[in-house]
>>> print(open('start_33.pdb').read())   # PDB, C-alpha atoms, pLDDT in the B column
ATOM      1  CA  MET U   1      -0.637 -71.995 -20.921  1.00 63.00           C
ATOM      2  CA  SER U   2      -1.553 -72.152 -24.619  1.00 89.00           C
ATOM      3  CA  ARG U   3      -4.974 -70.512 -24.133  1.00 94.00           C
ATOM      4  CA  ILE U   4      -5.799 -67.514 -21.966  1.00 97.00           C
ATOM      5  CA  ASN U   5      -9.310 -66.446 -20.935  1.00 97.00           C
ATOM      6  CA  VAL U   6      -9.974 -62.700 -20.809  1.00 97.00           C
ATOM      7  CA  LEU U   7     -13.517 -61.863 -19.719  1.00 97.00           C
ATOM      8  CA  GLY U   8     -14.977 -64.928 -21.390  1.00 96.00           C
ATOM      9  CA  MET U   9     -12.996 -64.772 -24.625  1.00 97.00           C
ATOM     10  CA  THR U  10     -10.215 -67.336 -25.060  1.00 97.00           C
ATOM     11  CA  PHE U  11      -6.988 -66.162 -26.699  1.00 98.00           C
ATOM     12  CA  ASP U  12      -4.237 -68.326 -28.121  1.00 98.00           C
ATOM     13  CA  ASN U  13      -1.013 -67.608 -26.260  1.00 97.00           C
ATOM     14  CA  TYR U  14       1.508 -67.586 -29.108  1.00 97.00           C
ATOM     15  CA  THR U  15       4.044 -65.122 -30.410  1.00 97.00           C
ATOM     16  CA  MET U  16       3.735 -63.809 -33.945  1.00 98.00           C
ATOM     17  CA  ALA U  17       6.402 -66.265 -35.121  1.00 98.00           C
ATOM     18  CA  GLU U  18       4.568 -69.162 -33.456  1.00 98.00           C
ATOM     19  CA  PHE U  19       1.278 -68.152 -35.066  1.00 98.00           C
ATOM     20  CA  VAL U  20       2.852 -67.956 -38.517  1.00 98.00           C
ATOM     21  CA  ASP U  21       4.513 -71.339 -38.040  1.00 98.00           C
ATOM     22  CA  ARG U  22       1.271 -73.034 -37.005  1.00 98.00           C
ATOM     23  CA  LEU U  23      -0.775 -71.381 -39.723  1.00 98.00           C
ATOM     24  CA  GLY U  24       1.843 -72.242 -42.335  1.00 98.00           C
ATOM     25  CA  ARG U  25       1.642 -75.913 -41.388  1.00 98.00           C
ATOM     26  CA  ARG U  26      -2.157 -75.851 -41.584  1.00 98.00           C
ATOM     27  CA  LEU U  27      -2.046 -74.226 -45.015  1.00 98.00           C
ATOM     28  CA  ALA U  28       0.400 -76.849 -46.246  1.00 98.00           C
ATOM     29  CA  LYS U  29      -2.019 -79.565 -45.128  1.00 98.00           C
ATOM     30  CA  GLN U  30      -5.050 -77.685 -46.558  1.00 97.00           C
ATOM     31  CA  GLU U  31      -6.542 -77.677 -43.101  1.00 98.00           C
ATOM     32  CA  GLY U  32      -9.391 -75.192 -42.974  1.00 98.00           C
ATOM     33  CA  THR U  33      -8.773 -72.386 -40.475  1.00 98.00           C
ATOM     34  CA  PHE U  34     -10.789 -69.518 -38.985  1.00 98.00           C
ATOM     35  CA  ILE U  35      -8.863 -66.704 -37.258  1.00 98.00           C
ATOM     36  CA  VAL U  36     -10.391 -63.929 -35.136  1.00 98.00           C
ATOM     37  CA  THR U  37      -8.280 -60.891 -34.251  1.00 97.00           C
ATOM     38  CA  ALA U  38      -9.839 -59.408 -31.129  1.00 97.00           C
ATOM     39  CA  ASN U  39      -9.354 -56.165 -29.215  1.00 95.00           C
ATOM     40  CA  PRO U  40     -11.094 -54.928 -26.018  1.00 95.00           C
ATOM     41  CA  GLU U  41     -13.986 -53.534 -28.060  1.00 95.00           C
ATOM     42  CA  ILE U  42     -14.648 -56.975 -29.494  1.00 97.00           C
ATOM     43  CA  VAL U  43     -14.315 -58.617 -26.067  1.00 98.00           C
ATOM     44  CA  MET U  44     -16.940 -56.275 -24.630  1.00 97.00           C
ATOM     45  CA  TYR U  45     -19.248 -56.720 -27.624  1.00 97.00           C
ATOM     46  CA  ALA U  46     -19.061 -60.499 -27.255  1.00 98.00           C
ATOM     47  CA  ARG U  47     -19.976 -60.244 -23.549  1.00 96.00           C
ATOM     48  CA  GLU U  48     -23.183 -58.472 -24.517  1.00 96.00           C
ATOM     49  CA  HIS U  49     -23.968 -60.570 -27.612  1.00 98.00           C
ATOM     50  CA  PRO U  50     -23.868 -64.321 -26.879  1.00 97.00           C
ATOM     51  CA  GLU U  51     -24.512 -65.211 -30.517  1.00 97.00           C
ATOM     52  CA  TYR U  52     -21.313 -63.407 -31.491  1.00 98.00           C
ATOM     53  CA  GLN U  53     -19.368 -65.026 -28.655  1.00 97.00           C
ATOM     54  CA  LYS U  54     -20.504 -68.377 -30.023  1.00 97.00           C
ATOM     55  CA  LEU U  55     -19.021 -67.485 -33.424  1.00 96.00           C
ATOM     56  CA  VAL U  56     -15.702 -66.563 -31.810  1.00 97.00           C
ATOM     57  CA  ASP U  57     -15.723 -69.804 -29.815  1.00 97.00           C
ATOM     58  CA  GLU U  58     -15.920 -71.684 -33.118  1.00 96.00           C
ATOM     59  CA  ALA U  59     -12.732 -70.039 -34.410  1.00 98.00           C
ATOM     60  CA  ASP U  60      -9.538 -72.090 -34.586  1.00 98.00           C
ATOM     61  CA  PHE U  61      -7.398 -69.204 -33.352  1.00 98.00           C
ATOM     62  CA  VAL U  62      -8.032 -65.912 -31.547  1.00 98.00           C
ATOM     63  CA  THR U  63      -5.204 -63.355 -31.455  1.00 98.00           C
ATOM     64  CA  ALA U  64      -4.734 -60.449 -29.052  1.00 97.00           C
ATOM     65  CA  ASP U  65      -5.052 -57.625 -31.561  1.00 94.00           C
ATOM     66  CA  GLY U  66      -5.196 -54.841 -28.973  1.00 87.00           C
ATOM     67  CA  ILE U  67      -2.686 -53.929 -26.281  1.00 91.00           C
ATOM     68  CA  GLY U  68      -5.667 -53.679 -23.923  1.00 93.00           C
ATOM     69  CA  VAL U  69      -6.123 -57.441 -24.216  1.00 97.00           C
ATOM     70  CA  VAL U  70      -2.472 -58.020 -23.286  1.00 96.00           C
ATOM     71  CA  LYS U  71      -2.775 -55.606 -20.324  1.00 95.00           C
ATOM     72  CA  GLY U  72      -6.021 -57.232 -19.235  1.00 96.00           C
ATOM     73  CA  ALA U  73      -4.540 -60.725 -19.319  1.00 97.00           C
ATOM     74  CA  ALA U  74      -1.624 -59.549 -17.179  1.00 97.00           C
ATOM     75  CA  MET U  75      -3.972 -57.909 -14.657  1.00 96.00           C
ATOM     76  CA  LEU U  76      -5.845 -61.210 -14.394  1.00 97.00           C
ATOM     77  CA  GLY U  77      -2.615 -63.042 -13.624  1.00 96.00           C
ATOM     78  CA  THR U  78      -2.571 -64.983 -16.901  1.00 96.00           C
ATOM     79  CA  PRO U  79      -0.155 -63.055 -19.145  1.00 96.00           C
ATOM     80  CA  LEU U  80      -0.060 -63.389 -22.905  1.00 97.00           C
ATOM     81  CA  LYS U  81       3.310 -63.649 -24.643  1.00 97.00           C
ATOM     82  CA  GLU U  82       2.750 -60.650 -26.893  1.00 95.00           C
ATOM     83  CA  ARG U  83       0.300 -58.613 -28.897  1.00 96.00           C
ATOM     84  CA  VAL U  84      -0.389 -60.077 -32.362  1.00 97.00           C
ATOM     85  CA  THR U  85      -2.113 -57.471 -34.516  1.00 94.00           C
ATOM     86  CA  GLY U  86      -4.380 -58.480 -37.349  1.00 96.00           C
ATOM     87  CA  TYR U  87      -2.619 -56.183 -39.811  1.00 96.00           C
ATOM     88  CA  ASP U  88       0.846 -57.527 -39.029  1.00 96.00           C
ATOM     89  CA  LEU U  89      -0.342 -61.129 -39.128  1.00 98.00           C
ATOM     90  CA  MET U  90      -2.032 -60.476 -42.468  1.00 98.00           C
ATOM     91  CA  GLU U  91       1.236 -59.134 -43.872  1.00 98.00           C
ATOM     92  CA  LYS U  92       3.132 -62.204 -42.647  1.00 98.00           C
ATOM     93  CA  LEU U  93       0.576 -64.491 -44.265  1.00 98.00           C
ATOM     94  CA  LEU U  94       0.686 -62.551 -47.534  1.00 98.00           C
ATOM     95  CA  ALA U  95       4.466 -62.982 -47.591  1.00 98.00           C
ATOM     96  CA  LEU U  96       4.009 -66.701 -46.959  1.00 98.00           C
ATOM     97  CA  ALA U  97       1.361 -66.936 -49.689  1.00 98.00           C
ATOM     98  CA  ALA U  98       3.715 -65.260 -52.172  1.00 98.00           C
ATOM     99  CA  THR U  99       6.543 -67.653 -51.311  1.00 98.00           C
ATOM    100  CA  GLU U 100       4.425 -70.810 -51.338  1.00 98.00           C
ATOM    101  CA  HIS U 101       2.161 -69.738 -54.238  1.00 97.00           C
ATOM    102  CA  TYR U 102      -1.087 -69.879 -52.267  1.00 98.00           C
ATOM    103  CA  PRO U 103      -3.987 -68.081 -54.014  1.00 98.00           C
ATOM    104  CA  VAL U 104      -5.501 -65.206 -52.007  1.00 98.00           C
ATOM    105  CA  TYR U 105      -8.899 -63.460 -52.014  1.00 98.00           C
ATOM    106  CA  PHE U 106      -9.638 -59.951 -50.640  1.00 98.00           C
ATOM    107  CA  ILE U 107     -13.221 -59.159 -49.673  1.00 98.00           C
ATOM    108  CA  GLY U 108     -14.547 -56.149 -47.809  1.00 98.00           C
ATOM    109  CA  ALA U 109     -14.115 -52.378 -47.385  1.00 97.00           C
ATOM    110  CA  LYS U 110     -15.675 -49.688 -49.583  1.00 97.00           C
ATOM    111  CA  PRO U 111     -15.939 -50.158 -53.366  1.00 97.00           C
ATOM    112  CA  GLY U 112     -12.522 -49.968 -54.990  1.00 97.00           C
ATOM    113  CA  ILE U 113     -10.489 -50.313 -51.782  1.00 98.00           C
ATOM    114  CA  ALA U 114      -9.980 -54.098 -51.996  1.00 98.00           C
ATOM    115  CA  GLU U 115      -8.685 -53.688 -55.553  1.00 98.00           C
ATOM    116  CA  GLN U 116      -6.280 -50.935 -54.462  1.00 98.00           C
ATOM    117  CA  ALA U 117      -5.098 -53.048 -51.532  1.00 98.00           C
ATOM    118  CA  ALA U 118      -4.566 -56.001 -53.869  1.00 98.00           C
ATOM    119  CA  ALA U 119      -2.492 -53.859 -56.230  1.00 98.00           C
ATOM    120  CA  LYS U 120      -0.297 -52.652 -53.345  1.00 98.00           C
ATOM    121  CA  ALA U 121       0.072 -56.198 -52.032  1.00 98.00           C
ATOM    122  CA  ARG U 122       1.219 -57.462 -55.434  1.00 98.00           C
ATOM    123  CA  GLN U 123       3.847 -54.701 -55.524  1.00 97.00           C
ATOM    124  CA  ARG U 124       5.129 -55.540 -52.043  1.00 97.00           C
ATOM    125  CA  PHE U 125       5.053 -59.322 -52.247  1.00 98.00           C
ATOM    126  CA  ALA U 126       6.564 -60.561 -55.503  1.00 97.00           C
ATOM    127  CA  GLY U 127       4.703 -63.518 -56.943  1.00 96.00           C
ATOM    128  CA  LEU U 128       1.574 -62.996 -54.836  1.00 98.00           C
ATOM    129  CA  ASP U 129      -1.464 -64.499 -56.579  1.00 98.00           C
ATOM    130  CA  ILE U 130      -4.630 -62.600 -55.657  1.00 98.00           C
ATOM    131  CA  VAL U 131      -7.365 -64.488 -57.455  1.00 98.00           C
ATOM    132  CA  GLY U 132     -10.235 -62.150 -56.671  1.00 98.00           C
ATOM    133  CA  THR U 133     -11.497 -59.065 -54.863  1.00 98.00           C
ATOM    134  CA  HIS U 134     -14.913 -57.818 -53.802  1.00 98.00           C
ATOM    135  CA  ASP U 135     -16.139 -54.896 -51.718  1.00 98.00           C
ATOM    136  CA  GLY U 136     -18.036 -55.425 -48.491  1.00 97.00           C
ATOM    137  CA  TYR U 137     -21.348 -54.049 -49.729  1.00 96.00           C
ATOM    138  CA  PHE U 138     -23.467 -57.135 -50.275  1.00 97.00           C
ATOM    139  CA  PRO U 139     -26.045 -59.071 -48.236  1.00 97.00           C
ATOM    140  CA  LEU U 140     -24.608 -61.963 -46.253  1.00 96.00           C
ATOM    141  CA  GLY U 141     -25.311 -65.210 -48.034  1.00 94.00           C
ATOM    142  CA  ASP U 142     -25.362 -63.523 -51.465  1.00 97.00           C
ATOM    143  CA  ALA U 143     -25.280 -66.390 -53.997  1.00 97.00           C
ATOM    144  CA  GLY U 144     -23.276 -64.400 -56.541  1.00 97.00           C
ATOM    145  CA  VAL U 145     -20.494 -63.646 -54.078  1.00 98.00           C
ATOM    146  CA  THR U 146     -20.447 -67.252 -52.923  1.00 98.00           C
ATOM    147  CA  GLN U 147     -20.191 -68.552 -56.486  1.00 98.00           C
ATOM    148  CA  GLN U 148     -17.469 -66.070 -57.400  1.00 98.00           C
ATOM    149  CA  MET U 149     -15.347 -66.983 -54.393  1.00 98.00           C
ATOM    150  CA  THR U 150     -15.897 -70.722 -54.729  1.00 98.00           C
ATOM    151  CA  ALA U 151     -14.861 -70.592 -58.387  1.00 98.00           C
ATOM    152  CA  ALA U 152     -11.687 -68.667 -57.518  1.00 98.00           C
ATOM    153  CA  LYS U 153     -10.591 -71.435 -55.094  1.00 98.00           C
ATOM    154  CA  PRO U 154      -8.486 -69.272 -52.753  1.00 98.00           C
ATOM    155  CA  ALA U 155      -6.301 -70.830 -50.072  1.00 98.00           C
ATOM    156  CA  LEU U 156      -6.477 -67.644 -47.965  1.00 98.00           C
ATOM    157  CA  VAL U 157      -9.433 -65.276 -47.587  1.00 98.00           C
ATOM    158  CA  PHE U 158      -9.054 -61.915 -45.850  1.00 98.00           C
ATOM    159  CA  ALA U 159     -12.392 -60.326 -44.890  1.00 98.00           C
ATOM    160  CA  ALA U 160     -12.290 -56.602 -44.060  1.00 98.00           C
ATOM    161  CA  MET U 161     -15.812 -55.831 -42.912  1.00 97.00           C
ATOM    162  CA  GLY U 162     -15.438 -55.059 -39.228  1.00 95.00           C
ATOM    163  CA  TYR U 163     -16.988 -57.094 -36.450  1.00 96.00           C
ATOM    164  CA  PRO U 164     -19.441 -58.793 -36.173  1.00 98.00           C
ATOM    165  CA  ARG U 165     -20.151 -58.854 -39.928  1.00 98.00           C
ATOM    166  CA  GLN U 166     -16.817 -60.307 -41.011  1.00 98.00           C
ATOM    167  CA  GLU U 167     -17.086 -63.197 -38.559  1.00 98.00           C
ATOM    168  CA  GLU U 168     -20.704 -63.819 -39.585  1.00 98.00           C
ATOM    169  CA  PHE U 169     -19.607 -63.847 -43.227  1.00 98.00           C
ATOM    170  CA  ILE U 170     -16.757 -66.263 -42.530  1.00 98.00           C
ATOM    171  CA  ALA U 171     -19.017 -68.613 -40.560  1.00 97.00           C
ATOM    172  CA  GLY U 172     -21.352 -68.865 -43.553  1.00 97.00           C
ATOM    173  CA  MET U 173     -18.636 -69.089 -46.197  1.00 98.00           C
ATOM    174  CA  ARG U 174     -16.399 -71.725 -44.607  1.00 97.00           C
ATOM    175  CA  ARG U 175     -18.520 -74.644 -45.732  1.00 97.00           C
ATOM    176  CA  HIS U 176     -18.072 -73.554 -49.368  1.00 98.00           C
ATOM    177  CA  LEU U 177     -14.271 -73.370 -49.021  1.00 98.00           C
ATOM    178  CA  PRO U 178     -13.545 -75.937 -46.291  1.00 98.00           C
ATOM    179  CA  ASP U 179      -9.791 -76.061 -46.981  1.00 98.00           C
ATOM    180  CA  ALA U 180      -9.191 -72.300 -46.865  1.00 98.00           C
ATOM    181  CA  LEU U 181      -7.774 -70.065 -44.161  1.00 98.00           C
ATOM    182  CA  PHE U 182     -10.219 -67.264 -43.284  1.00 98.00           C
ATOM    183  CA  MET U 183      -9.256 -64.203 -41.275  1.00 98.00           C
ATOM    184  CA  GLY U 184     -11.199 -61.084 -40.315  1.00 98.00           C
ATOM    185  CA  VAL U 185      -8.990 -58.015 -40.747  1.00 98.00           C
ATOM    186  CA  GLY U 186     -11.226 -55.025 -39.964  1.00 95.00           C
ATOM    187  CA  GLY U 187      -9.883 -51.854 -41.567  1.00 93.00           C
ATOM    188  CA  SER U 188      -6.656 -53.410 -42.838  1.00 96.00           C
ATOM    189  CA  PHE U 189      -7.447 -52.901 -46.536  1.00 97.00           C
ATOM    190  CA  ASP U 190      -7.717 -49.150 -45.938  1.00 95.00           C
ATOM    191  CA  VAL U 191      -4.187 -49.185 -44.507  1.00 95.00           C
ATOM    192  CA  LEU U 192      -2.722 -51.571 -47.081  1.00 97.00           C
ATOM    193  CA  SER U 193      -4.190 -49.540 -49.942  1.00 96.00           C
ATOM    194  CA  GLY U 194      -2.725 -46.328 -48.552  1.00 92.00           C
ATOM    195  CA  THR U 195      -6.163 -44.775 -48.040  1.00 86.00           C
ATOM    196  CA  VAL U 196      -5.525 -44.575 -44.300  1.00 77.00           C
ATOM    197  CA  LYS U 197      -2.082 -44.093 -42.783  1.00 69.00           C
ATOM    198  CA  ARG U 198      -0.944 -46.359 -39.972  1.00 68.00           C
ATOM    199  CA  ALA U 199       0.551 -44.801 -36.844  1.00 64.00           C
ATOM    200  CA  PRO U 200       4.305 -44.039 -37.001  1.00 73.00           C
ATOM    201  CA  GLY U 201       6.577 -46.852 -35.831  1.00 71.00           C
ATOM    202  CA  TRP U 202       7.411 -45.179 -32.518  1.00 74.00           C
ATOM    203  CA  MET U 203       3.706 -44.877 -31.677  1.00 66.00           C
ATOM    204  CA  GLN U 204       3.165 -48.537 -32.547  1.00 68.00           C
ATOM    205  CA  ARG U 205       6.036 -49.551 -30.271  1.00 71.00           C
ATOM    206  CA  ALA U 206       4.615 -47.356 -27.503  1.00 63.00           C
ATOM    207  CA  HIS U 207       1.172 -48.948 -28.050  1.00 64.00           C
ATOM    208  CA  LEU U 208      -0.339 -45.562 -28.924  1.00 60.00           C
ATOM    209  CA  GLU U 209      -1.966 -46.524 -32.210  1.00 67.00           C
ATOM    210  CA  TRP U 210      -5.386 -45.948 -30.604  1.00 60.00           C
ATOM    211  CA  PHE U 211      -4.378 -42.344 -29.838  1.00 58.00           C
ATOM    212  CA  TYR U 212      -3.138 -41.782 -33.389  1.00 54.00           C
ATOM    213  CA  ARG U 213      -6.412 -43.082 -34.802  1.00 62.00           C
ATOM    214  CA  LEU U 214      -8.354 -40.818 -32.426  1.00 55.00           C
ATOM    215  CA  LEU U 215      -6.368 -37.796 -33.620  1.00 54.00           C
ATOM    216  CA  LYS U 216      -7.080 -38.730 -37.241  1.00 61.00           C
ATOM    217  CA  GLU U 217     -10.705 -39.719 -36.629  1.00 62.00           C
ATOM    218  CA  PRO U 218     -12.174 -37.702 -33.718  1.00 63.00           C
ATOM    219  CA  THR U 219     -15.560 -39.323 -34.371  1.00 61.00           C
ATOM    220  CA  ARG U 220     -14.111 -42.526 -32.857  1.00 58.00           C
ATOM    221  CA  PHE U 221     -14.200 -40.920 -29.386  1.00 52.00           C
ATOM    222  CA  LYS U 222     -17.414 -42.635 -28.319  1.00 63.00           C
ATOM    223  CA  ARG U 223     -16.017 -46.019 -29.377  1.00 65.00           C
ATOM    224  CA  MET U 224     -12.834 -45.329 -27.412  1.00 67.00           C
ATOM    225  CA  LEU U 225     -14.888 -44.978 -24.216  1.00 72.00           C
ATOM    226  CA  ILE U 226     -15.256 -48.753 -24.245  1.00 81.00           C
ATOM    227  CA  LEU U 227     -11.600 -49.133 -23.194  1.00 84.00           C
ATOM    228  CA  PRO U 228     -11.946 -47.630 -19.676  1.00 86.00           C
ATOM    229  CA  ARG U 229     -15.150 -49.631 -19.197  1.00 91.00           C
ATOM    230  CA  TYR U 230     -13.294 -52.776 -20.258  1.00 93.00           C
ATOM    231  CA  LEU U 231     -10.452 -52.061 -17.816  1.00 90.00           C
ATOM    232  CA  GLY U 232     -12.978 -51.523 -15.056  1.00 94.00           C
ATOM    233  CA  VAL U 233     -14.513 -54.936 -15.693  1.00 95.00           C
ATOM    234  CA  VAL U 234     -11.028 -56.513 -15.766  1.00 96.00           C
ATOM    235  CA  ARG U 235     -10.168 -54.934 -12.391  1.00 94.00           C
ATOM    236  CA  ARG U 236     -13.363 -56.274 -10.818  1.00 95.00           C
ATOM    237  CA  GLU U 237     -12.671 -59.735 -12.235  1.00 93.00           C
ATOM    238  CA  ALA U 238      -9.085 -59.611 -10.972  1.00 93.00           C
ATOM    239  CA  LYS U 239     -10.326 -58.818  -7.443  1.00 90.00           C
ATOM    240  CA  LYS U 240     -12.686 -61.806  -7.562  1.00 86.00           C
ATOM    241  CA  ARG U 241      -9.820 -64.089  -8.540  1.00 76.00           C
TER     242      ARG U 241
END
>>> encode(input="start_33.pdb", output="structure tokens")
Amino acid sequence: MSRINVLGMTFDNYTMAEFVDRLGRRLAKQEGTFIVTANPEIVMYAREHPEYQKLVDEADFVTADGIGVVKGAAMLGTPLKERVTGYDLMEKLLALAATEHYPVYFIGAKPGIAEQAAAKARQRFAGLDIVGTHDGYFPLGDAGVTQQMTAAKPALVFAAMGYPRQEEFIAGMRRHLPDALFMGVGGSFDVLSGTVKRAPGWMQRAHLEWFYRLLKEPTRFKRMLILPRYLGVVRREAKKR
């Protein structure tokens, strides 16, 4: 099965390597692409906000960014091949952009963070061409931002604004850059810039990144309560099936 439905959200059932291969071919053909990286929090938000679910349905690809999505799919009897995190996929695409000389644009995060992330990315990926950066503090549909991005002519746009804003931004911006690949990357610029540390490798492999983030940001506790609620809904759906 190439597409898996988890509580109304459809995920593409590909490995990381398969995603990169498909996206690479689309970039080579200048085939416009919209990627959503979704975790259980996003799945639950979409269930309660049909207008956001509609935006996700319009995406070309939806990846299972959270281990909860992978667990949920397995509980529903429709397993996904693997978790494909937005941060890791972004890194793979940046490496591809550096190799193939695709221009990249960073937009989102607090003032100064996108620039710092761009500087780190240039250090890590030799030859990477980042043609512009902008923070996430602007009204959606801002003509100045649209003009700046359109003039830069990026092939890849990474939007780090958090859901649902980044998907709303991408939906409005796609028509101005119809050949570009757009991807919402949440807090990835904070990690790439070094402002926020990612969980140690062993915690990533054990799927405990959520716990690491909770230790670092205790204020996230209320948001974390969505996970048990999500699992409860998955269990009820599994019983129905």
>>> closest_residue(input="start_33.pdb", among="U:Met149, U:Ala17, U:Ala59, U:Leu227", to="Ile42 in chain U", atoms="only C-alpha atoms")
U:Leu227
>>> resolve_selection(input="start_33.pdb", expression="the PyMOL selection byres ((chain U and resi 27) around 12)", output="number ranges by chain")
U: 20-26, 28-34, 93, 96-97, 100-104, 154-157, 178-182
>>> resolve_selection(input="start_33.pdb", expression="the PyMOL selection byres ((chain U and resi 161) around 7)", output="JSON, numbers by chain")
{"U": [108, 109, 136, 159, 160, 162, 163, 165, 166, 186]}
>>> closest_residue(input="start_33.pdb", among="U:Tyr87, U:Phe189, U:Tyr105, U:Phe169", to="Met16 in chain U", atoms="all atoms listed in the file")
U:Tyr87
>>> closest_residue(input="start_33.pdb", among="U:Leu140, U:Ile35, U:Ile67, U:Met90", to="Arg205 in chain U", atoms="all atoms listed in the file")
U:Ile67
